[in-house]
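K.L.:
Below you'll find work_37.txt; it's compact mmCIF, C-alpha atoms.
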```
# COMPACT_ATOMS: atom_id res chain seq x y z
CA MET A 221 168.10 23.34 89.51
CA VAL A 222 168.15 26.25 91.95
CA ARG A 223 171.46 27.38 90.48
CA ILE A 224 170.02 27.33 86.94
CA LEU A 225 166.97 29.35 87.99
CA ARG A 226 169.18 31.82 89.82
CA GLY A 227 171.31 32.23 86.70
CA LEU A 228 168.25 32.82 84.50
CA ALA A 229 166.88 35.36 86.98
CA HIS A 230 170.23 37.16 87.04
CA LYS A 231 170.43 37.18 83.24
CA TYR A 232 166.92 38.35 82.41
CA PHE A 233 165.55 40.01 85.57
CA SER A 234 168.51 41.83 87.06
CA ASP A 235 167.00 45.12 85.84
CA GLU A 236 164.29 46.44 88.19
CA GLU A 237 162.27 47.85 85.29
CA ALA A 238 162.33 44.45 83.58
CA VAL A 239 160.73 42.87 86.66
CA ILE A 240 158.01 45.55 86.73
CA LEU A 241 157.37 45.10 83.00
CA ALA A 242 157.11 41.31 83.41
CA LEU A 243 154.54 41.76 86.20
CA ILE A 244 152.56 44.21 84.04
CA LEU A 245 152.52 41.78 81.10
CA VAL A 246 151.40 38.85 83.28
CA ALA A 247 148.72 40.91 85.02
CA GLY A 248 147.48 42.36 81.72
CA THR A 249 147.25 38.92 80.10
CA ALA A 250 145.36 37.50 83.09
CA PHE A 251 143.03 40.50 83.10
CA ILE A 252 142.16 40.05 79.41
CA ILE A 253 141.63 36.29 79.83
CA TRP A 254 139.27 36.72 82.78
CA PHE A 255 137.52 39.99 81.90
CA GLY A 256 138.02 40.16 78.12
CA ALA A 257 134.49 39.02 77.27
CA MET A 258 132.98 41.51 79.70
CA LEU A 259 135.05 44.42 78.38
CA ALA A 260 134.88 43.39 74.70
CA PRO A 261 133.20 46.68 73.56
CA ALA A 262 135.93 48.73 75.26
CA ILE A 263 138.72 46.58 73.78
CA ALA A 264 137.17 46.75 70.30
CA SER A 265 136.78 50.53 70.64
CA LEU A 266 140.41 50.89 71.72
CA ILE A 267 141.57 48.94 68.66
CA VAL A 268 139.41 51.03 66.31
CA ALA A 269 140.67 54.26 67.91
CA PHE A 270 144.22 52.97 67.52
CA ILE A 271 143.59 52.50 63.79
CA LEU A 272 141.92 55.90 63.33
CA GLN A 273 144.61 57.76 65.27
CA GLY A 274 146.94 57.40 62.27
CA LEU A 275 144.51 59.41 60.11
CA VAL A 276 144.18 62.06 62.83
CA THR A 277 147.96 62.37 63.04
CA LYS A 278 148.32 62.76 59.28
CA LEU A 279 145.62 65.46 59.20
CA ASN A 280 147.39 67.29 62.03
CA LYS A 281 150.61 67.30 60.00
CA LEU A 282 148.67 68.95 57.16
CA GLY A 283 147.80 71.86 59.48
CA ILE A 284 144.25 70.81 60.40
CA PRO A 285 143.41 71.47 64.09
CA GLU A 286 143.27 68.32 66.20
CA ILE A 287 139.61 68.59 67.24
CA VAL A 288 138.57 69.20 63.61
CA ALA A 289 140.64 66.20 62.48
CA ILE A 290 139.12 64.02 65.20
CA ILE A 291 135.57 65.01 64.29
CA GLY A 292 136.22 64.51 60.57
CA VAL A 293 137.78 61.06 61.05
CA PHE A 294 135.01 60.08 63.47
CA VAL A 295 132.30 61.10 60.97
CA VAL A 296 134.00 59.00 58.27
CA PHE A 297 134.16 56.07 60.71
CA LEU A 298 130.42 56.41 61.45
CA GLY A 299 129.67 56.47 57.73
CA VAL A 300 131.68 53.29 57.12
CA LEU A 301 130.04 51.61 60.14
CA VAL A 302 126.52 52.51 59.00
CA GLY A 303 127.29 51.39 55.45
CA PHE A 304 128.59 48.05 56.73
CA LEU A 305 125.67 47.42 59.11
CA PHE A 306 122.86 48.48 56.77
CA GLY A 307 124.42 47.86 53.37
CA LEU A 308 126.96 45.06 53.25
CA LEU A 309 125.82 42.97 56.23
CA PRO A 310 122.20 42.42 55.04
CA LEU A 311 123.47 41.62 51.53
CA VAL A 312 125.96 39.07 52.87
CA TRP A 313 123.34 37.51 55.14
CA THR A 314 120.90 37.21 52.21
CA GLN A 315 123.53 35.47 50.14
CA VAL A 316 124.39 33.13 53.03
CA THR A 317 120.74 32.07 53.37
CA ASN A 318 120.43 31.66 49.59
CA LEU A 319 123.55 29.51 49.57
CA ALA A 320 122.08 27.37 52.35
CA GLY A 321 118.90 26.96 50.30
CA GLU A 322 120.90 25.75 47.30
CA ALA A 323 122.95 23.38 49.42
CA PRO A 324 120.97 20.25 48.34
CA ARG A 325 121.54 21.03 44.66
CA ILE A 326 125.25 21.65 45.28
CA ILE A 327 125.51 18.36 47.15
CA ARG A 328 123.86 16.46 44.28
CA GLU A 329 126.22 18.02 41.75
CA MET A 330 129.17 17.27 43.98
CA GLN A 331 128.03 13.67 44.19
CA SER A 332 127.93 13.43 40.40
CA TYR A 333 131.51 14.75 40.23
CA LEU A 334 132.72 12.40 42.95
CA GLU A 335 131.11 9.34 41.37
CA LEU A 336 133.24 9.85 38.26
CA LEU A 337 136.52 9.82 40.16
CA PRO A 338 136.73 6.06 40.91
CA ASP A 339 136.19 5.28 37.20
CA GLN A 340 138.79 7.81 36.07
CA TYR A 341 141.37 7.14 38.81
CA PRO A 342 140.72 3.59 40.10
CA GLN A 343 144.27 3.27 41.38
CA LEU A 344 143.97 6.35 43.67
CA ILE A 345 140.32 6.65 44.74
CA SER A 346 137.85 3.93 45.71
CA ALA A 347 134.07 4.05 45.71
CA ASP A 348 133.98 3.56 49.48
CA ALA A 349 136.19 6.62 50.01
CA VAL A 350 133.90 8.70 47.79
CA ASN A 351 130.82 7.57 49.72
CA THR A 352 132.50 8.43 53.03
CA VAL A 353 133.41 11.94 51.85
CA TYR A 354 129.90 12.47 50.47
CA GLN A 355 128.24 11.40 53.71
CA GLN A 356 130.48 13.64 55.81
CA VAL A 357 129.86 16.68 53.61
CA SER A 358 126.10 16.01 53.60
CA THR A 359 126.07 15.82 57.39
CA GLU A 360 128.00 19.07 57.80
CA VAL A 361 125.83 20.94 55.30
CA GLY A 362 122.67 19.61 56.96
CA GLN A 363 123.82 20.82 60.37
CA MET A 364 124.69 24.23 58.95
CA THR A 365 121.27 24.51 57.31
CA GLN A 366 119.53 23.64 60.58
CA TRP A 367 121.61 26.27 62.37
CA LEU A 368 120.57 28.92 59.84
CA VAL A 369 116.89 27.98 60.23
CA SER A 370 117.05 28.27 64.03
CA PHE A 371 119.28 31.35 63.97
CA SER A 372 116.48 33.89 64.25
CA LEU A 373 115.28 32.48 67.59
CA SER A 374 118.54 31.40 69.19
CA SER A 375 120.46 34.56 68.31
CA ILE A 376 118.30 37.08 70.18
CA PRO A 377 121.01 37.57 72.85
CA ASP A 378 123.54 38.10 70.06
CA LEU A 379 121.31 40.74 68.48
CA VAL A 380 121.04 42.52 71.82
CA ALA A 381 124.83 42.42 72.15
CA LEU A 382 125.12 43.82 68.61
CA LEU A 383 122.86 46.73 69.56
CA ILE A 384 125.04 47.40 72.60
CA TYR A 385 128.12 47.40 70.38
CA MET A 386 126.45 49.80 67.94
CA VAL A 387 125.81 52.31 70.75
CA LEU A 388 128.87 51.89 72.97
CA VAL A 389 131.64 51.44 70.41
CA PRO A 390 131.19 54.78 68.58
CA ILE A 391 130.94 56.66 71.90
CA LEU A 392 134.07 55.00 73.28
CA VAL A 393 135.99 55.50 70.02
CA PHE A 394 135.26 59.25 70.09
CA PHE A 395 136.44 59.68 73.68
CA PHE A 396 139.52 57.51 73.11
CA LEU A 397 140.47 59.81 70.23
CA LYS A 398 139.59 63.09 71.98
CA ASP A 399 141.11 62.31 75.39
CA LYS A 400 144.10 60.26 74.24
CA GLU A 401 146.66 62.41 76.04
CA VAL A 402 144.64 62.47 79.26
CA LEU A 403 144.25 58.68 79.29
CA LEU A 404 147.90 58.03 78.47
CA GLY A 405 148.94 60.51 81.17
CA ALA A 406 146.79 58.72 83.74
CA ILE A 407 148.42 55.40 82.85
CA ALA A 408 151.90 56.95 82.90
CA ARG A 409 151.39 58.19 86.48
CA LEU A 410 150.96 54.56 87.59
CA LEU A 411 154.36 53.59 86.15
CA PRO A 412 157.86 54.35 87.45
CA PRO A 413 159.07 57.89 86.58
CA GLN A 414 162.24 56.51 84.96
CA ARG A 415 161.25 53.88 82.42
CA PRO A 416 163.61 53.82 79.39
CA LEU A 417 162.91 50.13 78.72
CA MET A 418 159.13 50.63 78.69
CA LEU A 419 159.43 53.70 76.45
CA LYS A 420 161.66 51.80 74.02
CA ILE A 421 159.23 48.90 73.82
CA TRP A 422 156.26 51.27 73.54
CA HIS A 423 157.78 53.16 70.60
CA GLU A 424 158.68 49.91 68.84
CA VAL A 425 155.26 48.34 69.42
CA ASN A 426 153.46 51.55 68.47
CA LEU A 427 155.40 51.73 65.20
CA GLN A 428 155.11 48.06 64.28
CA CYS A 429 151.55 47.33 65.45
CA ALA A 430 150.14 50.67 64.25
CA ASN A 431 151.57 50.20 60.77
CA TYR A 432 150.44 46.58 60.69
CA VAL A 433 146.88 47.08 61.96
CA ARG A 434 146.23 50.16 59.82
CA GLY A 435 147.83 48.50 56.81
CA LYS A 436 145.67 45.40 57.25
CA ALA A 437 142.52 47.55 57.43
CA VAL A 438 143.43 49.18 54.11
CA GLU A 439 144.41 45.81 52.61
CA ILE A 440 141.05 44.27 53.57
CA LEU A 441 139.17 47.13 51.89
CA ILE A 442 141.27 47.04 48.71
CA VAL A 443 141.36 43.25 48.27
CA GLY A 444 137.69 42.80 49.21
CA GLY A 445 136.57 45.65 46.95
CA ALA A 446 138.65 44.48 43.99
CA THR A 447 137.36 40.93 44.42
CA TYR A 448 133.73 42.10 44.56
CA ILE A 449 134.09 44.18 41.37
CA ALA A 450 135.85 41.36 39.53
CA PHE A 451 133.33 38.71 40.59
CA LYS A 452 130.35 40.93 39.68
CA LEU A 453 131.80 41.57 36.22
CA LEU A 454 132.33 37.83 35.76
CA GLY A 455 128.79 37.03 36.92
CA MET A 456 130.01 35.06 39.93
CA PRO A 457 127.16 34.21 42.33
CA TYR A 458 127.44 35.23 45.99
CA ALA A 459 129.97 37.92 45.05
CA ALA A 460 129.46 39.93 48.26
CA LEU A 461 129.88 36.89 50.51
CA LEU A 462 132.96 35.64 48.68
CA SER A 463 134.59 39.08 48.50
CA LEU A 464 134.07 39.49 52.26
CA LEU A 465 135.76 36.12 52.86
CA VAL A 466 138.63 37.00 50.52
CA GLY A 467 139.09 40.39 52.19
CA LEU A 468 139.15 38.90 55.69
CA SER A 469 141.50 36.11 54.57
CA VAL A 470 144.39 38.57 54.28
CA VAL A 471 144.38 38.86 58.09
CA ILE A 472 146.02 35.43 58.27
CA PRO A 473 148.83 35.24 55.70
CA TYR A 474 149.33 31.96 53.84
CA ILE A 475 146.57 30.13 55.75
CA GLY A 476 143.74 32.53 54.90
CA ALA A 477 144.37 32.55 51.16
CA ALA A 478 144.63 28.75 51.05
CA VAL A 479 141.41 28.23 53.01
CA VAL A 480 139.26 30.79 51.15
CA THR A 481 140.31 29.39 47.77
CA ILE A 482 138.19 26.29 48.46
CA PRO A 483 134.75 28.03 48.62
CA VAL A 484 135.68 30.28 45.67
CA ALA A 485 136.59 27.27 43.53
CA MET A 486 133.59 25.20 44.64
CA ILE A 487 131.00 27.93 43.98
CA GLY A 488 132.65 28.78 40.67
CA LEU A 489 132.64 25.13 39.64
CA PHE A 490 129.00 24.57 40.58
CA ALA A 491 127.93 27.84 38.92
CA PHE A 492 129.78 27.54 35.60
CA GLY A 493 130.96 23.93 35.39
CA TRP A 494 134.40 22.85 34.29
CA GLY A 495 134.92 25.23 31.37
CA THR A 496 136.36 28.52 30.16
CA HIS A 497 134.25 30.67 32.48
CA PHE A 498 135.40 28.80 35.57
CA ILE A 499 139.04 29.06 34.44
CA TRP A 500 138.67 32.82 33.98
CA VAL A 501 137.24 33.16 37.49
CA MET A 502 140.18 31.29 39.02
CA VAL A 503 142.71 33.20 36.89
CA VAL A 504 141.29 36.56 37.99
CA TYR A 505 141.20 35.39 41.60
CA GLY A 506 144.83 34.23 41.31
CA VAL A 507 145.85 37.60 39.83
CA ILE A 508 144.24 39.43 42.76
CA GLN A 509 146.08 37.22 45.23
CA ALA A 510 149.37 37.69 43.36
CA LEU A 511 149.01 41.48 43.23
CA ASP A 512 148.14 41.51 46.91
CA GLY A 513 151.18 39.50 47.93
CA ASN A 514 153.74 41.04 45.55
CA VAL A 515 152.58 44.66 45.15
CA LEU A 516 150.12 45.74 47.82
CA VAL A 517 151.73 44.08 50.86
CA PRO A 518 155.25 45.50 50.19
CA ILE A 519 153.77 49.00 49.81
CA LEU A 520 151.59 48.88 52.92
CA PHE A 521 154.03 47.08 55.20
CA SER A 522 157.39 48.47 54.13
CA GLU A 523 158.06 49.73 57.69
CA VAL A 524 156.96 46.53 59.43
CA ASN A 525 159.41 43.82 60.42
CA ASN A 526 158.14 40.66 58.75
CA LEU A 527 157.65 37.58 60.89
CA HIS A 528 158.82 34.18 59.76
CA PRO A 529 155.99 32.02 58.30
CA VAL A 530 156.54 29.45 61.06
CA ALA A 531 156.13 32.20 63.68
CA ILE A 532 152.90 33.35 62.01
CA ILE A 533 151.40 29.83 61.95
CA VAL A 534 152.41 29.16 65.57
CA ALA A 535 150.96 32.52 66.67
CA VAL A 536 147.66 31.79 64.89
CA LEU A 537 147.40 28.35 66.50
CA PHE A 538 148.39 29.57 69.97
CA PHE A 539 146.34 32.75 70.26
CA GLY A 540 143.43 31.19 68.36
CA GLY A 541 143.39 28.38 70.90
CA ILE A 542 143.30 30.88 73.77
CA TRP A 543 140.90 33.56 72.48
CA GLY A 544 139.13 31.87 69.56
CA LEU A 545 138.30 34.04 66.54
CA TRP A 546 139.61 37.21 68.17
CA GLY A 547 142.89 35.46 68.88
CA VAL A 548 143.21 34.43 65.23
CA PHE A 549 142.41 37.98 64.10
CA PHE A 550 145.03 39.60 66.34
CA ALA A 551 147.59 36.79 66.34
CA ILE A 552 150.15 38.67 64.23
CA PRO A 553 149.93 41.99 66.17
CA LEU A 554 150.33 40.02 69.39
CA ALA A 555 153.29 38.14 67.94
CA THR A 556 154.77 41.49 66.85
CA LEU A 557 154.30 42.75 70.42
CA LEU A 558 156.15 39.75 71.82
CA LYS A 559 158.92 40.18 69.25
CA ALA A 560 159.36 43.83 70.23
CA VAL A 561 159.44 42.90 73.93
CA PHE A 562 162.05 40.18 73.41
CA ALA A 563 164.16 42.44 71.19
CA ALA A 564 164.24 45.26 73.77
CA TRP A 565 164.48 43.09 76.89
CA PRO A 566 167.71 43.76 78.83
CA VAL A 567 169.96 40.70 79.02
CA LYS A 568 172.74 40.68 81.58
CA ASP A 569 176.21 39.65 80.47
CA MET A 570 176.80 36.21 82.01
CA THR A 571 180.56 36.49 81.83
CA SER A 572 180.38 38.14 85.26
CA SER A 573 178.51 36.47 88.11
CA PRO A 574 176.52 38.26 90.82
CA THR A 575 179.30 37.52 93.37
CA ASP A 576 181.84 39.16 91.06
CA GLU A 577 179.71 42.29 90.88
CA LEU A 578 179.36 42.42 94.67
CA ALA A 579 183.09 42.03 95.03
```
Take the structure in this file and express it as structure tokens.

P.N.:
Amino acid sequence: MVRILRGLAHKYFSDEEAVILALILVAGTAFIIWFGAMLAPAIASLIVAFILQGLVTKLNKLGIPEIVAIIGVFVVFLGVLVGFLFGLLPLVWTQVTNLAGEAPRIIREMQSYLELLPDQYPQLISADAVNTVYQQVSTEVGQMTQWLVSFSLSSIPDLVALLIYMVLVPILVFFFLKDKEVLLGAIARLLPPQRPLMLKIWHEVNLQCANYVRGKAVEILIVGGATYIAFKLLGMPYAALLSLLVGLSVVIPYIGAAVVTIPVAMIGLFAFGWGTHFIWVMVVYGVIQALDGNVLVPILFSEVNNLHPVAIIVAVLFFGGIWGLWGVFFAIPLATLLKAVFAAWPVKDMTSSPTDELA
């Protein structure tokens, strides 16, 4: 056992910089796990600044001075943030409460649909199974309705936290953008002066994660906006809520689209019944998903190394289990980071042993 461990250490940690990088990764992960909730505004601001830095860089290449580009991008960011907080968010919340109010009617209609299944497919579905599903759905919907009713009182701490985010995040984003070089220089002084491995990993991660995160932000806006326009034209109820869900679903490939299809189909079925209108809604929704996967994604992520679907699902399960919703949201960038680290990690040739080298 000792010999195996010694061989692994010689193969993967014979480089001094690799040992330092491993310690940095372990310490950084432990720091985020223990202090991530406390420093959530700073982490969120750093991610937003990371996304906006791409726009600043492109404006600089067009000849616009850096401070002017930073101020312009920051003003656009504030406009989007204000529009989301005072425009989209109240609309979505209103539709959520309206949907909760219509939950009893939806449950009754669902029961009428379910009761027909045992008569139509007696070989596959029994009446007991239908009753079990109906009772479980009724229980879940009832608990969700109770949560919405008590939300105004129990969520006061969350509202205070939201106010803190609204004040701190814009301030931190501005200083992260303005003092990027100063902050990176301060971090660089803490690292070894000769660090080719770290620089290689940094350039790879910066390229991959920056393109991915910025591309996902654009994809969310395009897919969500296109879905909202299409659903409004088709008269789909709760268009803002559903378009927000569809937009956010692109964050998790494969899984997100499959999950969000269920509420879209259920609301469309209860709103229009099983007919031509419902079929048109699902066809338009399918076209949006197809264009996203076959046209938009290749354009936005042409420079990003695609992860295998199995790797994506495992990353979502693993990081979601550790950090909850935030882990699910950033599972793919974190998996990309790990992929870049493993690809650049120095591996010693095992054909020569440590004693051979000493000799």

K.L.:
How many Å lie between atom CA of Asp512 of chain A and atom CA of Val484 of chain A, rounded to one decimal?

P.N.:
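According to the coordinates, atom CA of Asp512 of chain A and atom CA of Val484 of chain A are separated by 16.8 Å.
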
K.L.:
Extract, using all atoms listed in the file, all DNA, RNA and protein residues at most 12 Å from segment 329-342 of chain A, discarding same-chain residues fewer than 5 positions from it, and format them as a count of residues only.

P.N.:
23

K.L.:
Just give me the gap between atom CA of Gly445 of chain A and atom CA of Ala459 of chain A in Å, one decimal is fine.

P.N.:
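Value for the atom CA of Gly445 of chain A-atom CA of Ala459 of chain A distance: 10.3 Å.
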
K.L.:
Go ahead and compute the interatomic distance for atom CA of Val443 of chain A and atom CA of Lys559 of chain A, in Å to one decimal.

P.N.:
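Straight-line distance from atom CA of Val443 of chain A to atom CA of Lys559 of chain A works out to 27.5 Å.
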
K.L.:
Choose the residue, out of A:Pro553, A:Pro473, A:Gly541, A:Gly547, that has the smallest atom-to-atom separation from Val425 of chain A; count all atoms listed in the file.

P.N.:
A:Pro553

K.L.:
Please identify all polymer residues within 9 Å of Gln428 of chain A, counting all atoms listed in the file, omitting same-chain residues fewer than 2 positions from it, and present them as a list in words.

P.N.:
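Result of the neighbour search: His423, Glu424, Val425, Asn426, Ala430, Asn431, Tyr432, Val433, Glu523, Val524, Asn525, Pro553, Thr556, Leu557 and Ala560 of chain A.
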
K.L.:
Can you check which parts of segment 443-474 of chain A lie within 6 Å of segment 296-316 of chain A? Per residue, the shortest pair of atoms and distance in Å to one decimal, counting all atoms listed in the file, sorted by chain and number, as JSON lines.

P.N.:
```
{"residue": "A:Tyr458", "atom": "CA", "partner": "A:Gln315", "partner_atom": "CA", "distance": 5.7}
{"residue": "A:Ala460", "atom": "CA", "partner": "A:Val312", "partner_atom": "CA", "distance": 5.9}
{"residue": "A:Leu461", "atom": "CA", "partner": "A:Val312", "partner_atom": "CA", "distance": 5.1}
```

K.L.:
Fewer than 5 positions away in the same chain doesn't count, so skip those; otherwise give me all residues within 7 Å of segment 534-536 of chain A, counting all atoms listed in the file, as a ChimeraX atom specification.

P.N.:
/A:548,551-552,555

K.L.:
Would you list the residues near (138.9, 42.6, 69.5) (no more than 12 Å away, in the coordinates of the file, using all atoms listed in the file) as an mmCIF file with C-alpha atoms, in the frame of the given file?

P.N.:
```cif
data_model
loop_
_atom_site.group_PDB
_atom_site.id
_atom_site.type_symbol
_atom_site.label_atom_id
_atom_site.label_comp_id
_atom_site.auth_asym_id
_atom_site.auth_seq_id
_atom_site.Cartn_x
_atom_site.Cartn_y
_atom_site.Cartn_z
ATOM 1 C CA ILE A 252 142.160 40.050 79.410
ATOM 2 C CA GLY A 256 138.020 40.160 78.120
ATOM 3 C CA ALA A 257 134.490 39.020 77.270
ATOM 4 C CA MET A 258 132.980 41.510 79.700
ATOM 5 C CA LEU A 259 135.050 44.420 78.380
ATOM 6 C CA ALA A 260 134.880 43.390 74.700
ATOM 7 C CA PRO A 261 133.200 46.680 73.560
ATOM 8 C CA ALA A 262 135.930 48.730 75.260
ATOM 9 C CA ILE A 263 138.720 46.580 73.780
ATOM 10 C CA ALA A 264 137.170 46.750 70.300
ATOM 11 C CA SER A 265 136.780 50.530 70.640
ATOM 12 C CA LEU A 266 140.410 50.890 71.720
ATOM 13 C CA ILE A 267 141.570 48.940 68.660
ATOM 14 C CA VAL A 268 139.410 51.030 66.310
ATOM 15 C CA ALA A 269 140.670 54.260 67.910
ATOM 16 C CA PHE A 270 144.220 52.970 67.520
ATOM 17 C CA TYR A 385 128.120 47.400 70.380
ATOM 18 C CA VAL A 389 131.640 51.440 70.410
ATOM 19 C CA VAL A 433 146.880 47.080 61.960
ATOM 20 C CA TRP A 543 140.900 33.560 72.480
ATOM 21 C CA GLY A 544 139.130 31.870 69.560
ATOM 22 C CA LEU A 545 138.300 34.040 66.540
ATOM 23 C CA TRP A 546 139.610 37.210 68.170
ATOM 24 C CA GLY A 547 142.890 35.460 68.880
ATOM 25 C CA VAL A 548 143.210 34.430 65.230
ATOM 26 C CA PHE A 549 142.410 37.980 64.100
ATOM 27 C CA PHE A 550 145.030 39.600 66.340
ATOM 28 C CA ALA A 551 147.590 36.790 66.340
ATOM 29 C CA PRO A 553 149.930 41.990 66.170
ATOM 30 C CA LEU A 554 150.330 40.020 69.390
#
```

K.L.:
Go through A:Gly274, A:Pro457, A:Pro412, A:Gly476 one by one, measure the shortest atom-to-atom distance of each to Val239 of chain A using only C-alpha atoms, and give the residue with the smallest value.

P.N.:
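Among the listed residues, the smallest separation from Val239 of chain A belongs to A:Pro412.
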
K.L.:
Emit segment 439-508 of chain A of the structure in the block as a file comprising C-alpha atoms, as a PDB file, in the first residue's frame.

P.N.:
```
ATOM      1  CA  GLU A 439     -28.632  31.978 -24.210  1.00  0.00           C
ATOM      2  CA  ILE A 440     -30.915  32.505 -21.197  1.00  0.00           C
ATOM      3  CA  LEU A 441     -31.954  35.946 -22.488  1.00  0.00           C
ATOM      4  CA  ILE A 442     -32.573  34.740 -26.053  1.00  0.00           C
ATOM      5  CA  VAL A 443     -34.417  31.518 -25.196  1.00  0.00           C
ATOM      6  CA  GLY A 444     -36.447  33.129 -22.399  1.00  0.00           C
ATOM      7  CA  GLY A 445     -37.349  36.146 -24.537  1.00  0.00           C
ATOM      8  CA  ALA A 446     -38.306  34.049 -27.561  1.00  0.00           C
ATOM      9  CA  THR A 447     -40.431  31.771 -25.379  1.00  0.00           C
ATOM     10  CA  TYR A 448     -42.224  34.732 -23.775  1.00  0.00           C
ATOM     11  CA  ILE A 449     -43.051  36.298 -27.156  1.00  0.00           C
ATOM     12  CA  ALA A 450     -44.252  32.988 -28.585  1.00  0.00           C
ATOM     13  CA  PHE A 451     -46.401  32.133 -25.564  1.00  0.00           C
ATOM     14  CA  LYS A 452     -47.959  35.618 -25.469  1.00  0.00           C
ATOM     15  CA  LEU A 453     -48.861  35.392 -29.155  1.00  0.00           C
ATOM     16  CA  LEU A 454     -50.411  31.963 -28.558  1.00  0.00           C
ATOM     17  CA  GLY A 455     -52.373  33.219 -25.539  1.00  0.00           C
ATOM     18  CA  MET A 456     -50.574  30.881 -23.151  1.00  0.00           C
ATOM     19  CA  PRO A 457     -51.337  31.704 -19.498  1.00  0.00           C
ATOM     20  CA  TYR A 458     -48.450  32.386 -17.099  1.00  0.00           C
ATOM     21  CA  ALA A 459     -46.201  33.272 -20.045  1.00  0.00           C
ATOM     22  CA  ALA A 460     -43.698  35.213 -17.919  1.00  0.00           C
ATOM     23  CA  LEU A 461     -43.343  32.423 -15.356  1.00  0.00           C
ATOM     24  CA  LEU A 462     -42.983  29.701 -17.984  1.00  0.00           C
ATOM     25  CA  SER A 463     -40.531  31.703 -20.113  1.00  0.00           C
ATOM     26  CA  LEU A 464     -38.384  32.305 -17.021  1.00  0.00           C
ATOM     27  CA  LEU A 465     -38.360  28.564 -16.307  1.00  0.00           C
ATOM     28  CA  VAL A 466     -37.527  27.747 -19.928  1.00  0.00           C
ATOM     29  CA  GLY A 467     -34.734  30.330 -19.972  1.00  0.00           C
ATOM     30  CA  LEU A 468     -33.179  29.025 -16.758  1.00  0.00           C
ATOM     31  CA  SER A 469     -33.531  25.413 -17.933  1.00  0.00           C
ATOM     32  CA  VAL A 470     -30.736  25.905 -20.480  1.00  0.00           C
ATOM     33  CA  VAL A 471     -28.278  26.133 -17.570  1.00  0.00           C
ATOM     34  CA  ILE A 472     -28.569  22.357 -17.140  1.00  0.00           C
ATOM     35  CA  PRO A 473     -28.383  20.686 -20.564  1.00  0.00           C
ATOM     36  CA  TYR A 474     -30.614  17.673 -21.201  1.00  0.00           C
ATOM     37  CA  ILE A 475     -32.045  17.626 -17.660  1.00  0.00           C
ATOM     38  CA  GLY A 476     -33.397  21.187 -17.649  1.00  0.00           C
ATOM     39  CA  ALA A 477     -35.282  20.888 -20.935  1.00  0.00           C
ATOM     40  CA  ALA A 478     -36.818  17.563 -19.898  1.00  0.00           C
ATOM     41  CA  VAL A 479     -37.957  18.865 -16.507  1.00  0.00           C
ATOM     42  CA  VAL A 480     -39.409  22.189 -17.698  1.00  0.00           C
ATOM     43  CA  THR A 481     -41.404  20.470 -20.443  1.00  0.00           C
ATOM     44  CA  ILE A 482     -43.716  19.021 -17.772  1.00  0.00           C
ATOM     45  CA  PRO A 483     -45.132  22.344 -16.438  1.00  0.00           C
ATOM     46  CA  VAL A 484     -45.363  23.742 -19.988  1.00  0.00           C
ATOM     47  CA  ALA A 485     -47.382  20.740 -21.151  1.00  0.00           C
ATOM     48  CA  MET A 486     -49.568  20.631 -18.028  1.00  0.00           C
ATOM     49  CA  ILE A 487     -50.501  24.336 -18.109  1.00  0.00           C
ATOM     50  CA  GLY A 488     -51.084  24.174 -21.856  1.00  0.00           C
ATOM     51  CA  LEU A 489     -53.305  21.117 -21.450  1.00  0.00           C
ATOM     52  CA  PHE A 490     -55.365  22.629 -18.639  1.00  0.00           C
ATOM     53  CA  ALA A 491     -55.675  25.961 -20.469  1.00  0.00           C
ATOM     54  CA  PHE A 492     -56.636  24.721 -23.943  1.00  0.00           C
ATOM     55  CA  GLY A 493     -57.552  21.058 -23.528  1.00  0.00           C
ATOM     56  CA  TRP A 494     -56.433  18.282 -25.819  1.00  0.00           C
ATOM     57  CA  GLY A 495     -56.856  20.019 -29.178  1.00  0.00           C
ATOM     58  CA  THR A 496     -55.233  21.996 -31.970  1.00  0.00           C
ATOM     59  CA  HIS A 497     -54.265  24.939 -29.766  1.00  0.00           C
ATOM     60  CA  PHE A 498     -52.407  22.722 -27.310  1.00  0.00           C
ATOM     61  CA  ILE A 499     -50.597  20.961 -30.171  1.00  0.00           C
ATOM     62  CA  TRP A 500     -49.497  24.321 -31.589  1.00  0.00           C
ATOM     63  CA  VAL A 501     -48.132  25.364 -28.199  1.00  0.00           C
ATOM     64  CA  MET A 502     -46.067  22.184 -27.898  1.00  0.00           C
ATOM     65  CA  VAL A 503     -44.883  22.420 -31.526  1.00  0.00           C
ATOM     66  CA  VAL A 504     -43.689  26.010 -31.031  1.00  0.00           C
ATOM     67  CA  TYR A 505     -42.025  25.054 -27.755  1.00  0.00           C
ATOM     68  CA  GLY A 506     -40.321  22.108 -29.485  1.00  0.00           C
ATOM     69  CA  VAL A 507     -39.102  24.380 -32.299  1.00  0.00           C
ATOM     70  CA  ILE A 508     -37.571  26.784 -29.762  1.00  0.00           C
TER      71      ILE A 508
END
```
